[in-house]
Amino acid sequence: LTDFGWKDGYIGAVKGAILSVNSRCQIVDIAHGLSAHDVESAAFILGQTCRFFPHGTIHVAVVDPGVGGTRRPVVVTTSDYLFVGPDNGVFHLVLDQDDGVRAYELVEDRYFLSPVSGTFHGRDIFAPVAGHLSRGVLPHEMGPQLDSGDLTRLSIARPVAGEEFIAGEVVYVDSFGNLVTNVSRQMLTEFAQDSEVVVEIEGEQITGVRCTYSETGKRQLVALWGSGGFLEIALREGNLASARGWRKGVVVTVRRES
Amino acid sequence: LTDFGWKDGYIGAVKGAILSVNSRCQIVDIAHGLSAHDVESAAFILGQTCRFFPHGTIHVAVVDPGVGGTRRPVVVTTSDYLFVGPDNGVFHLVLDQDDGVRAYELVEDRYFLSPVSGTFHGRDIFAPVAGHLSRGVLPHEMGPQLDSGDLTRLSIARPVAGEEFIAGEVVYVDSFGNLVTNVSRQMLTEFAQDSEVVVEIEGEQITGVRCTYSETGKRQLVALWGSGGFLEIALREGNLASARGWRKGVVVTVRRES
Amino acid sequence: LTDFGWKDGYIGAVKGAILSVNSRCQIVDIAHGLSAHDVESAAFILGQTCRFFPHGTIHVAVVDPGVGGTRRPVVVTTSDYLFVGPDNGVFHLVLDQDDGVRAYELVEDRYFLSPVSGTFHGRDIFAPVAGHLSRGVLPHEMGPQLDSGDLTRLSIARPVAGEEFIAGEVVYVDSFGNLVTNVSRQMLTEFAQDSEVVVEIEGEQITGVRCTYSETGKRQLVALWGSGGFLEIALREGNLASARGWRKGVVVTVRRES
């Protein structure tokens, strides 16, 4: 998972550096088309995606605007996975999802390429470290354990739930133009009780939350349960973000139908 | 083969769901940059591409605007391959290319992720089904056989061949800006007999069909035998679609030189 | 490494053709988003990337505007790698980096797909040849050895080093908008002796060359040692190429601080 794109050779160099340590690694591309330096989106994608991978998967996430600075290179372990990348918030949702998180600062440079550049730790640190982890080197051999409470968190908007409403917001816009909010299915279900709900966004009202696009007409505005467990707003077979100009941060409120 | 792009984590989740069933699967990316919901292009690409893969390959094609609706999730088998995806026309050309097609509706949810979302069957149905197929589960174990004649076809334009002309059209524009027509090499060869042909598109005439770009000058309009076995129109080392604004559906006629 | 993009099925067909020869091949995508026909960028990326791959890697590079013409299909071997592609300059930097280069023209069509199209040698020649090489067929079995001095070179700008200055230029702009110059770290270090240097580009002056982005303020212009060993000019967490409109070919001069 990187913001390297497919125009340059950066992701190629990362893969080569992994395979040079362990040529039997199976490398799986998640997404390389993230906006440059967009740590928040990387954290969101990682949080939504990682749990579908097999136990033991090593996730390498390199969206790293602070490369070479004071942010620490880390390996984070959960009950299922290992994560390698910069401690800049990219692991925020991973940390939230697991009780057994441990983290180690990557300091043992025998597991790095030599020399380490000041601008490309994806290739020089994170890739070879992932290769060594895949060969069985243990995280604690790579550096001192960190207090996982000290790992960098992002200031991610949380919805406000009142008696009469939930006020959330759009936290991610996908490439289909669908708007993902921070209102979880569980929160909304508890709020709704047995009432129908009305979702309001930028003055437009949508009654009811659907399970599939097919429950509405083409190009119609629809609120539905997204595949990640959160309320989404979309245009069926259309690009809502382009059509309305709505972006991350737009407020979404939910009320019970009166 | 999907329209998920590389900006979101969707293709990552699909791969994870495959590997969670069979971690030894070798996953090969074909194309993820298709226009959203463009089933016709997906069918074209699949029809042009699948035959270059080894016998036994499982092709997963997810361009699925009707996800969660009435379109059926299916596995289609041909003499060489297995195909997994929605029965929405994406397998149209595959069905045309093979006599021994069989199809099964995917209903046995023990081969699905649980729960199945209403908006992401690529991850929740097609990926794990592909994983189970790769482990040797047989298609008929996954659901009832369908009449392959009942599978969804697209209304794809076919060329009209008269005594004096062939009238075809552009059916695909690739990312180099080359225009692929629906006039096959075989049809055109039979029509031409031993005469030279003249290809006309939007009022411009091109004499002769070349085998390679190098038989014409740079930035020159050229008609040539495309790599998929169809007549193509291109600008050598240029982007014809951008330069002239020609798109899918533009008429292409072929006559014998008089 | 291709300019095929992710919208069409071309890269899929190439992979299928490799796997049809050797289904146990591990195929690694380097970059497919290069500008169409941009042989210079392909040569740059290959030169910067290939050395991070394991010994024995077979690199397939298909940016091939002259496909079907007089340019020769070749396999090039160095002390570490094999390279397969057109002899059009794409291997320029590879040839520079190694003393033991050998090259062979690909003429033995038993290693090709049949028939070979005139427009898609990536699929019909380079892919199956790579597959056969991975199975142990030796390069000299594929065609006659060529004089490696006769292989096509690009006319790549080299910096001019005077007593008082180095005059280089921008040779690559990456997708982050960073400008990579042709001034190597070694050349600049020898020039600078123990003096601080001043880098000038389009009338703007930058004092000193940094090791990391973090040594400058956000959105500040910075000269730094790029990860490929060359002087780079960038905006920290910004896109310099977009912000200033600077492109490949822009002159960069370096002087000692007076």
# chains A, B, ... in the order shown; residues from 1 in each chain; ligands from 1

call {"tool": "residues_around", "arguments": {"residues": "Gly226 of chain B", "least_positions_apart": "2", "cutoff": "9 Å", "atoms": "only C-alpha atoms", "output": "list in words"}}
result
Val180, Arg185, Cys211, Thr212, Ala223, Leu224, Gly228, Gly229, Phe230, Leu231, Glu232 and Ile233 of chain B; Ser117, Gly118, Thr119 and Phe120 of chain C

call {"tool": "write_last_selection", "arguments": {"atoms": "N, CA, C and O atoms", "output": "PDB file, in the first residue's frame"}}
result
ATOM      1  N   VAL B 180     -10.263   0.079 -32.295  1.00  0.00           N
ATOM      2  CA  VAL B 180     -10.463  -1.309 -32.694  1.00  0.00           C
ATOM      3  C   VAL B 180     -11.873  -1.425 -33.265  1.00  0.00           C
ATOM      4  O   VAL B 180     -12.839  -0.995 -32.643  1.00  0.00           O
ATOM      5  N   ARG B 185     -10.326  -9.928 -39.479  1.00  0.00           N
ATOM      6  CA  ARG B 185      -9.385 -10.149 -40.574  1.00  0.00           C
ATOM      7  C   ARG B 185      -9.954 -11.136 -41.585  1.00  0.00           C
ATOM      8  O   ARG B 185      -9.827 -10.945 -42.785  1.00  0.00           O
ATOM      9  N   CYS B 211       0.409  -4.372 -41.822  1.00  0.00           N
ATOM     10  CA  CYS B 211       0.663  -5.331 -40.750  1.00  0.00           C
ATOM     11  C   CYS B 211       1.334  -4.670 -39.549  1.00  0.00           C
ATOM     12  O   CYS B 211       1.208  -5.154 -38.424  1.00  0.00           O
ATOM     13  N   THR B 212       2.070  -3.586 -39.788  1.00  0.00           N
ATOM     14  CA  THR B 212       2.781  -2.933 -38.688  1.00  0.00           C
ATOM     15  C   THR B 212       2.723  -1.425 -38.856  1.00  0.00           C
ATOM     16  O   THR B 212       2.541  -0.913 -39.962  1.00  0.00           O
ATOM     17  N   ALA B 223      -4.511   2.109 -41.353  1.00  0.00           N
ATOM     18  CA  ALA B 223      -5.388   0.980 -41.046  1.00  0.00           C
ATOM     19  C   ALA B 223      -4.497  -0.241 -40.937  1.00  0.00           C
ATOM     20  O   ALA B 223      -3.648  -0.466 -41.804  1.00  0.00           O
ATOM     21  N   LEU B 224      -4.686  -1.011 -39.893  1.00  0.00           N
ATOM     22  CA  LEU B 224      -3.807  -2.173 -39.778  1.00  0.00           C
ATOM     23  C   LEU B 224      -4.484  -3.327 -39.058  1.00  0.00           C
ATOM     24  O   LEU B 224      -5.555  -3.174 -38.470  1.00  0.00           O
ATOM     25  N   GLY B 228      -5.564  -8.364 -31.969  1.00  0.00           N
ATOM     26  CA  GLY B 228      -6.678  -9.220 -31.595  1.00  0.00           C
ATOM     27  C   GLY B 228      -7.399  -9.837 -32.776  1.00  0.00           C
ATOM     28  O   GLY B 228      -8.411 -10.518 -32.612  1.00  0.00           O
ATOM     29  N   GLY B 229      -6.902  -9.580 -33.995  1.00  0.00           N
ATOM     30  CA  GLY B 229      -7.505 -10.176 -35.175  1.00  0.00           C
ATOM     31  C   GLY B 229      -8.566  -9.311 -35.846  1.00  0.00           C
ATOM     32  O   GLY B 229      -9.293  -9.786 -36.712  1.00  0.00           O
ATOM     33  N   PHE B 230      -8.611  -8.043 -35.468  1.00  0.00           N
ATOM     34  CA  PHE B 230      -9.591  -7.134 -36.056  1.00  0.00           C
ATOM     35  C   PHE B 230      -8.898  -5.925 -36.693  1.00  0.00           C
ATOM     36  O   PHE B 230      -7.784  -5.565 -36.322  1.00  0.00           O
ATOM     37  N   LEU B 231      -9.599  -5.344 -37.648  1.00  0.00           N
ATOM     38  CA  LEU B 231      -9.126  -4.117 -38.282  1.00  0.00           C
ATOM     39  C   LEU B 231      -9.034  -2.994 -37.255  1.00  0.00           C
ATOM     40  O   LEU B 231      -9.983  -2.770 -36.498  1.00  0.00           O
ATOM     41  N   GLU B 232      -7.904  -2.305 -37.227  1.00  0.00           N
ATOM     42  CA  GLU B 232      -7.740  -1.167 -36.330  1.00  0.00           C
ATOM     43  C   GLU B 232      -7.351   0.069 -37.129  1.00  0.00           C
ATOM     44  O   GLU B 232      -6.738  -0.030 -38.190  1.00  0.00           O
ATOM     45  N   ILE B 233      -7.701   1.221 -36.604  1.00  0.00           N
ATOM     46  CA  ILE B 233      -7.298   2.497 -37.201  1.00  0.00           C
ATOM     47  C   ILE B 233      -6.466   3.230 -36.159  1.00  0.00           C
ATOM     48  O   ILE B 233      -6.862   3.285 -34.982  1.00  0.00           O
TER      49      ILE B 233
ATOM     50  N   SER C 117       2.014 -11.347 -34.276  1.00  0.00           N
ATOM     51  CA  SER C 117       1.358 -10.158 -34.843  1.00  0.00           C
ATOM     52  C   SER C 117       2.406  -9.106 -35.192  1.00  0.00           C
ATOM     53  O   SER C 117       3.556  -9.182 -34.749  1.00  0.00           O
ATOM     54  N   GLY C 118       1.994  -8.134 -35.966  1.00  0.00           N
ATOM     55  CA  GLY C 118       2.909  -7.056 -36.330  1.00  0.00           C
ATOM     56  C   GLY C 118       2.899  -5.898 -35.361  1.00  0.00           C
ATOM     57  O   GLY C 118       3.673  -4.954 -35.508  1.00  0.00           O
ATOM     58  N   THR C 119       2.013  -5.953 -34.371  1.00  0.00           N
ATOM     59  CA  THR C 119       1.840  -4.794 -33.495  1.00  0.00           C
ATOM     60  C   THR C 119       1.971  -5.106 -32.010  1.00  0.00           C
ATOM     61  O   THR C 119       1.857  -4.199 -31.190  1.00  0.00           O
ATOM     62  N   PHE C 120       2.195  -6.360 -31.649  1.00  0.00           N
ATOM     63  CA  PHE C 120       2.197  -6.683 -30.220  1.00  0.00           C
ATOM     64  C   PHE C 120       3.255  -7.744 -29.920  1.00  0.00           C
ATOM     65  O   PHE C 120       2.948  -8.873 -29.558  1.00  0.00           O
TER      66      PHE C 120
END

call {"tool": "interface_residues", "arguments": {"of": "chain A", "to": "chain B", "cutoff": "10 Å", "atoms": "only C-alpha atoms", "output": "JSON, numbers by chain"}}
result
{"A": [1, 2, 3, 5, 6, 26, 27, 28, 29, 30, 31, 32, 33, 34, 35, 41, 42, 44, 45, 46, 47, 48, 49, 50, 51, 52, 53, 54, 55, 57, 172, 173, 174, 175, 176, 177, 210, 211, 212, 213, 214, 215, 224, 225, 226, 227, 228, 229, 236, 237, 238, 239]}

call {"tool": "calpha_fit_and_write", "arguments": {"fixed": "chain C", "moving": "chain B", "output": "tab-separated table (two decimals) with C-alpha atoms, in the first residue's frame"}}
result
chain	number	residue	atom	x	y	z
B	1	LEU	CA	7.90	-2.49	-17.31
B	2	THR	CA	5.60	-1.23	-20.02
B	3	ASP	CA	3.58	1.73	-21.23
B	4	PHE	CA	0.43	-0.39	-21.49
B	5	GLY	CA	-1.45	1.14	-18.57
B	6	TRP	CA	-4.17	-0.59	-16.56
B	7	LYS	CA	-7.17	0.29	-18.74
B	8	ASP	CA	-6.66	-2.31	-21.48
B	9	GLY	CA	-5.95	-6.01	-21.40
B	10	TYR	CA	-2.48	-5.78	-22.95
B	11	ILE	CA	-0.49	-6.36	-19.78
B	12	GLY	CA	-2.85	-9.21	-18.95
B	13	ALA	CA	-2.13	-10.87	-22.27
B	14	VAL	CA	1.62	-10.49	-21.69
B	15	LYS	CA	1.37	-12.15	-18.29
B	16	GLY	CA	-0.80	-14.92	-19.66
B	17	ALA	CA	1.73	-15.58	-22.43
B	18	ILE	CA	4.55	-15.83	-19.88
B	19	LEU	CA	2.57	-18.16	-17.63
B	20	SER	CA	1.53	-20.32	-20.57
B	21	VAL	CA	5.21	-21.18	-21.04
B	22	ASN	CA	6.06	-21.41	-17.35
B	23	SER	CA	3.14	-21.36	-14.96
B	24	ARG	CA	5.52	-21.25	-12.00
B	25	CYS	CA	7.00	-17.89	-12.98
B	26	GLN	CA	6.67	-15.18	-10.38
B	27	ILE	CA	5.67	-12.06	-12.31
B	28	VAL	CA	6.35	-8.71	-10.65
B	29	ASP	CA	4.83	-5.49	-11.98
B	30	ILE	CA	7.32	-2.62	-12.00
B	31	ALA	CA	5.46	0.18	-13.76
B	32	HIS	CA	2.87	0.22	-16.51
B	33	GLY	CA	1.89	3.89	-16.36
B	34	LEU	CA	4.69	5.34	-18.47
B	35	SER	CA	3.72	7.84	-21.14
B	36	ALA	CA	3.03	6.05	-24.41
B	37	HIS	CA	6.20	5.46	-26.45
B	38	ASP	CA	8.44	7.16	-23.84
B	39	VAL	CA	11.57	5.06	-24.30
B	40	GLU	CA	13.75	7.52	-22.39
B	41	SER	CA	11.71	7.27	-19.21
B	42	ALA	CA	11.63	3.51	-19.52
B	43	ALA	CA	15.42	3.44	-19.81
B	44	PHE	CA	15.73	5.71	-16.78
B	45	ILE	CA	13.35	3.65	-14.63
B	46	LEU	CA	14.97	0.38	-15.63
B	47	GLY	CA	18.44	1.76	-14.88
B	48	GLN	CA	17.32	2.97	-11.45
B	49	THR	CA	15.31	-0.07	-10.51
B	50	CYS	CA	16.77	-3.25	-11.88
B	51	ARG	CA	19.68	-3.48	-9.46
B	52	PHE	CA	17.36	-3.93	-6.48
B	53	PHE	CA	16.10	-7.23	-7.84
B	54	PRO	CA	17.62	-10.61	-7.02
B	55	HIS	CA	20.41	-12.08	-9.10
B	56	GLY	CA	18.95	-13.99	-12.01
B	57	THR	CA	15.84	-11.84	-12.45
B	58	ILE	CA	14.52	-11.64	-16.01
B	59	HIS	CA	13.50	-8.05	-16.75
B	60	VAL	CA	10.94	-7.60	-19.53
B	61	ALA	CA	10.75	-4.02	-20.80
B	62	VAL	CA	8.24	-3.22	-23.51
B	63	VAL	CA	8.04	0.39	-24.55
B	64	ASP	CA	8.16	-0.26	-28.23
B	65	PRO	CA	6.97	2.42	-30.65
B	66	GLY	CA	8.89	0.75	-33.49
B	67	VAL	CA	7.20	-2.63	-33.05
B	68	GLY	CA	7.18	-4.63	-36.25
B	69	GLY	CA	9.78	-2.38	-37.90
B	70	THR	CA	13.53	-2.73	-38.23
B	71	ARG	CA	14.41	-2.49	-34.54
B	72	ARG	CA	15.61	-5.89	-33.34
B	73	PRO	CA	14.03	-7.95	-30.57
B	74	VAL	CA	16.85	-8.85	-28.19
B	75	VAL	CA	17.87	-10.54	-24.99
B	76	VAL	CA	20.67	-8.75	-23.13
B	77	THR	CA	22.60	-10.44	-20.34
B	78	THR	CA	24.65	-8.77	-17.63
B	79	SER	CA	26.53	-10.30	-14.75
B	80	ASP	CA	23.32	-10.29	-12.69
B	81	TYR	CA	20.31	-10.22	-14.95
B	82	LEU	CA	18.62	-11.01	-18.22
B	83	PHE	CA	16.75	-8.29	-20.12
B	84	VAL	CA	14.19	-8.93	-22.83
B	85	GLY	CA	12.73	-6.28	-25.12
B	86	PRO	CA	13.26	-4.18	-28.22
B	87	ASP	CA	16.71	-2.83	-29.08
B	88	ASN	CA	15.51	0.76	-29.18
B	89	GLY	CA	17.48	2.35	-26.36
B	90	VAL	CA	15.38	1.05	-23.47
B	91	PHE	CA	18.48	-0.82	-22.23
B	92	HIS	CA	20.81	2.18	-22.53
B	93	LEU	CA	21.53	2.62	-18.83
B	94	VAL	CA	21.77	-1.11	-18.26
B	95	LEU	CA	24.52	-1.28	-20.88
B	96	ASP	CA	26.35	1.55	-19.15
B	97	GLN	CA	26.23	-0.11	-15.74
B	98	ASP	CA	27.89	-3.40	-16.55
B	99	ASP	CA	31.10	-4.59	-18.17
B	100	GLY	CA	30.00	-8.08	-19.06
B	101	VAL	CA	27.08	-7.30	-21.34
B	102	ARG	CA	26.17	-9.80	-24.02
B	103	ALA	CA	23.30	-9.50	-26.44
B	104	TYR	CA	21.46	-11.87	-28.74
B	105	GLU	CA	18.93	-11.17	-31.44
B	106	LEU	CA	15.70	-13.08	-30.97
B	107	VAL	CA	15.18	-14.98	-34.19
B	108	GLU	CA	14.29	-18.55	-33.19
B	109	ASP	CA	10.56	-18.41	-33.61
B	110	ARG	CA	9.98	-21.74	-31.87
B	111	TYR	CA	10.18	-19.61	-28.70
B	112	PHE	CA	7.51	-17.20	-29.95
B	113	LEU	CA	3.75	-17.38	-30.04
B	114	SER	CA	2.43	-18.36	-33.45
B	115	PRO	CA	1.42	-16.37	-35.39
B	116	VAL	CA	3.41	-13.31	-34.39
B	117	SER	CA	1.35	-10.14	-34.83
B	118	GLY	CA	2.92	-7.05	-36.33
B	119	THR	CA	1.85	-4.77	-33.49
B	120	PHE	CA	2.21	-6.65	-30.22
B	121	HIS	CA	5.61	-8.26	-29.77
B	122	GLY	CA	5.29	-7.83	-26.00
B	123	ARG	CA	2.76	-10.62	-26.05
B	124	ASP	CA	3.97	-12.62	-29.04
B	125	ILE	CA	7.76	-12.51	-28.67
B	126	PHE	CA	9.04	-10.97	-25.44
B	127	ALA	CA	6.62	-12.72	-23.06
B	128	PRO	CA	7.11	-16.28	-24.31
B	129	VAL	CA	10.87	-15.70	-24.64
B	130	ALA	CA	10.97	-14.61	-20.99
B	131	GLY	CA	9.00	-17.70	-20.08
B	132	HIS	CA	11.47	-19.97	-21.89
B	133	LEU	CA	14.45	-18.19	-20.31
B	134	SER	CA	12.89	-18.80	-16.90
B	135	ARG	CA	12.76	-22.50	-17.77
B	136	GLY	CA	16.45	-22.59	-18.54
B	137	VAL	CA	16.66	-22.03	-22.28
B	138	LEU	CA	19.94	-20.19	-22.85
B	139	PRO	CA	20.06	-16.85	-24.63
B	140	HIS	CA	22.40	-18.12	-27.33
B	141	GLU	CA	19.81	-20.73	-28.28
B	142	MET	CA	17.45	-17.92	-29.25
B	143	GLY	CA	19.53	-16.26	-31.93
B	144	PRO	CA	22.91	-14.96	-32.99
B	145	GLN	CA	25.08	-12.96	-30.63
B	146	LEU	CA	25.23	-9.24	-31.37
B	147	ASP	CA	28.12	-6.88	-30.81
B	148	SER	CA	26.97	-5.13	-27.65
B	149	GLY	CA	28.62	-1.96	-28.90
B	150	ASP	CA	26.09	-1.96	-31.74
B	151	LEU	CA	23.08	-1.89	-29.43
B	152	THR	CA	20.98	1.24	-29.65
B	153	ARG	CA	21.92	4.06	-27.29
B	154	LEU	CA	19.87	7.14	-26.48
B	155	SER	CA	21.33	10.61	-26.72
B	156	ILE	CA	21.10	11.31	-23.01
B	157	ALA	CA	22.26	14.71	-21.80
B	158	ARG	CA	25.43	14.62	-19.72
B	159	PRO	CA	26.34	17.42	-17.35
B	160	VAL	CA	29.18	19.79	-18.23
B	161	ALA	CA	31.67	20.32	-15.42
B	162	GLY	CA	33.78	23.49	-15.55
B	163	GLU	CA	36.19	24.98	-13.04
B	164	GLU	CA	33.55	27.27	-11.64
B	165	PHE	CA	30.32	25.41	-12.24
B	166	ILE	CA	28.51	22.24	-13.18
B	167	ALA	CA	25.78	22.67	-15.78
B	168	GLY	CA	23.32	19.79	-15.74
B	169	GLU	CA	19.68	19.41	-16.49
B	170	VAL	CA	16.47	17.78	-15.36
B	171	VAL	CA	16.30	14.31	-16.90
B	172	TYR	CA	13.24	12.90	-15.19
B	173	VAL	CA	10.17	14.25	-13.41
B	174	ASP	CA	8.51	11.76	-11.09
B	175	SER	CA	4.85	11.55	-10.20
B	176	PHE	CA	5.41	13.46	-6.95
B	177	GLY	CA	6.65	16.35	-9.11
B	178	ASN	CA	10.26	15.94	-7.98
B	179	LEU	CA	12.90	16.85	-10.57
B	180	VAL	CA	15.75	14.38	-10.99
B	181	THR	CA	18.89	15.85	-12.57
B	182	ASN	CA	21.81	14.19	-14.29
B	183	VAL	CA	24.31	15.55	-11.72
B	184	SER	CA	25.58	12.60	-9.73
B	185	ARG	CA	26.46	12.75	-6.08
B	186	GLN	CA	30.02	11.74	-6.88
B	187	MET	CA	30.49	14.50	-9.46
B	188	LEU	CA	29.05	17.14	-7.19
B	189	THR	CA	31.05	16.03	-4.17
B	190	GLU	CA	34.29	16.18	-6.12
B	191	PHE	CA	33.38	19.61	-7.45
B	192	ALA	CA	32.36	21.07	-4.11
B	193	GLN	CA	35.50	20.04	-2.24
B	194	ASP	CA	34.69	21.37	1.21
B	195	SER	CA	32.65	24.35	0.08
B	196	GLU	CA	28.93	24.77	0.36
B	197	VAL	CA	27.25	24.75	-3.04
B	198	VAL	CA	24.54	26.90	-4.58
B	199	VAL	CA	22.11	25.24	-6.98
B	200	GLU	CA	20.38	27.49	-9.49
B	201	ILE	CA	17.32	26.57	-11.50
B	202	GLU	CA	15.27	29.00	-13.60
B	203	GLY	CA	16.68	31.97	-11.69
B	204	GLU	CA	16.00	30.57	-8.23
B	205	GLN	CA	18.91	29.78	-5.94
B	206	ILE	CA	19.09	27.04	-3.34
B	207	THR	CA	22.01	26.92	-0.92
B	208	GLY	CA	23.20	23.50	0.14
B	209	VAL	CA	22.15	19.98	-0.71
B	210	ARG	CA	20.12	18.16	1.93
B	211	CYS	CA	19.85	14.48	2.72
B	212	THR	CA	16.15	14.51	3.63
B	213	TYR	CA	13.03	16.56	3.08
B	214	SER	CA	12.75	17.17	6.79
B	215	GLU	CA	15.72	19.53	6.73
B	216	THR	CA	13.56	22.17	5.09
B	217	GLY	CA	10.15	23.73	5.73
B	218	LYS	CA	6.92	22.54	4.13
B	219	ARG	CA	6.37	23.79	0.57
B	220	GLN	CA	9.98	25.05	0.55
B	221	LEU	CA	12.23	24.54	-2.43
B	222	VAL	CA	14.96	22.08	-1.58
B	223	ALA	CA	17.94	20.50	-3.34
B	224	LEU	CA	18.66	17.05	-2.07
B	225	TRP	CA	20.37	13.74	-2.73
B	226	GLY	CA	17.81	11.64	-4.48
B	227	SER	CA	17.42	7.95	-3.81
B	228	GLY	CA	18.99	7.10	-7.16
B	229	GLY	CA	22.27	8.88	-6.44
B	230	PHE	CA	21.55	12.09	-8.31
B	231	LEU	CA	20.83	15.67	-7.33
B	232	GLU	CA	17.09	16.31	-7.10
B	233	ILE	CA	15.07	19.49	-6.73
B	234	ALA	CA	11.76	19.30	-4.88
B	235	LEU	CA	9.14	21.09	-2.83
B	236	ARG	CA	8.74	19.44	0.54
B	237	GLU	CA	5.27	17.82	0.57
B	238	GLY	CA	4.44	19.68	-2.63
B	239	ASN	CA	4.52	19.02	-6.37
B	240	LEU	CA	7.31	21.17	-7.76
B	241	ALA	CA	6.72	20.32	-11.41
B	242	SER	CA	3.09	21.45	-11.16
B	243	ALA	CA	3.80	24.46	-8.98
B	244	ARG	CA	6.49	25.97	-11.20
B	245	GLY	CA	5.82	24.33	-14.55
B	246	TRP	CA	9.40	23.04	-14.73
B	247	ARG	CA	9.96	20.02	-16.97
B	248	LYS	CA	12.52	17.65	-18.37
B	249	GLY	CA	15.33	19.62	-20.00
B	250	VAL	CA	15.33	22.57	-17.58
B	251	VAL	CA	18.94	23.60	-16.87
B	252	VAL	CA	20.36	23.22	-13.36
B	253	THR	CA	23.71	24.82	-12.49
B	254	VAL	CA	25.80	24.30	-9.40
B	255	ARG	CA	28.44	26.75	-8.10
B	256	ARG	CA	30.54	26.93	-4.97
B	257	GLU	CA	29.31	29.48	-2.50
B	258	SER	CA	31.45	32.63	-2.69

call {"tool": "select_by_dssp", "arguments": {"residues": "segment 3-249 of chain A", "states": "helix (DSSP H, G or I)", "output": "count of residues only"}}
result
70
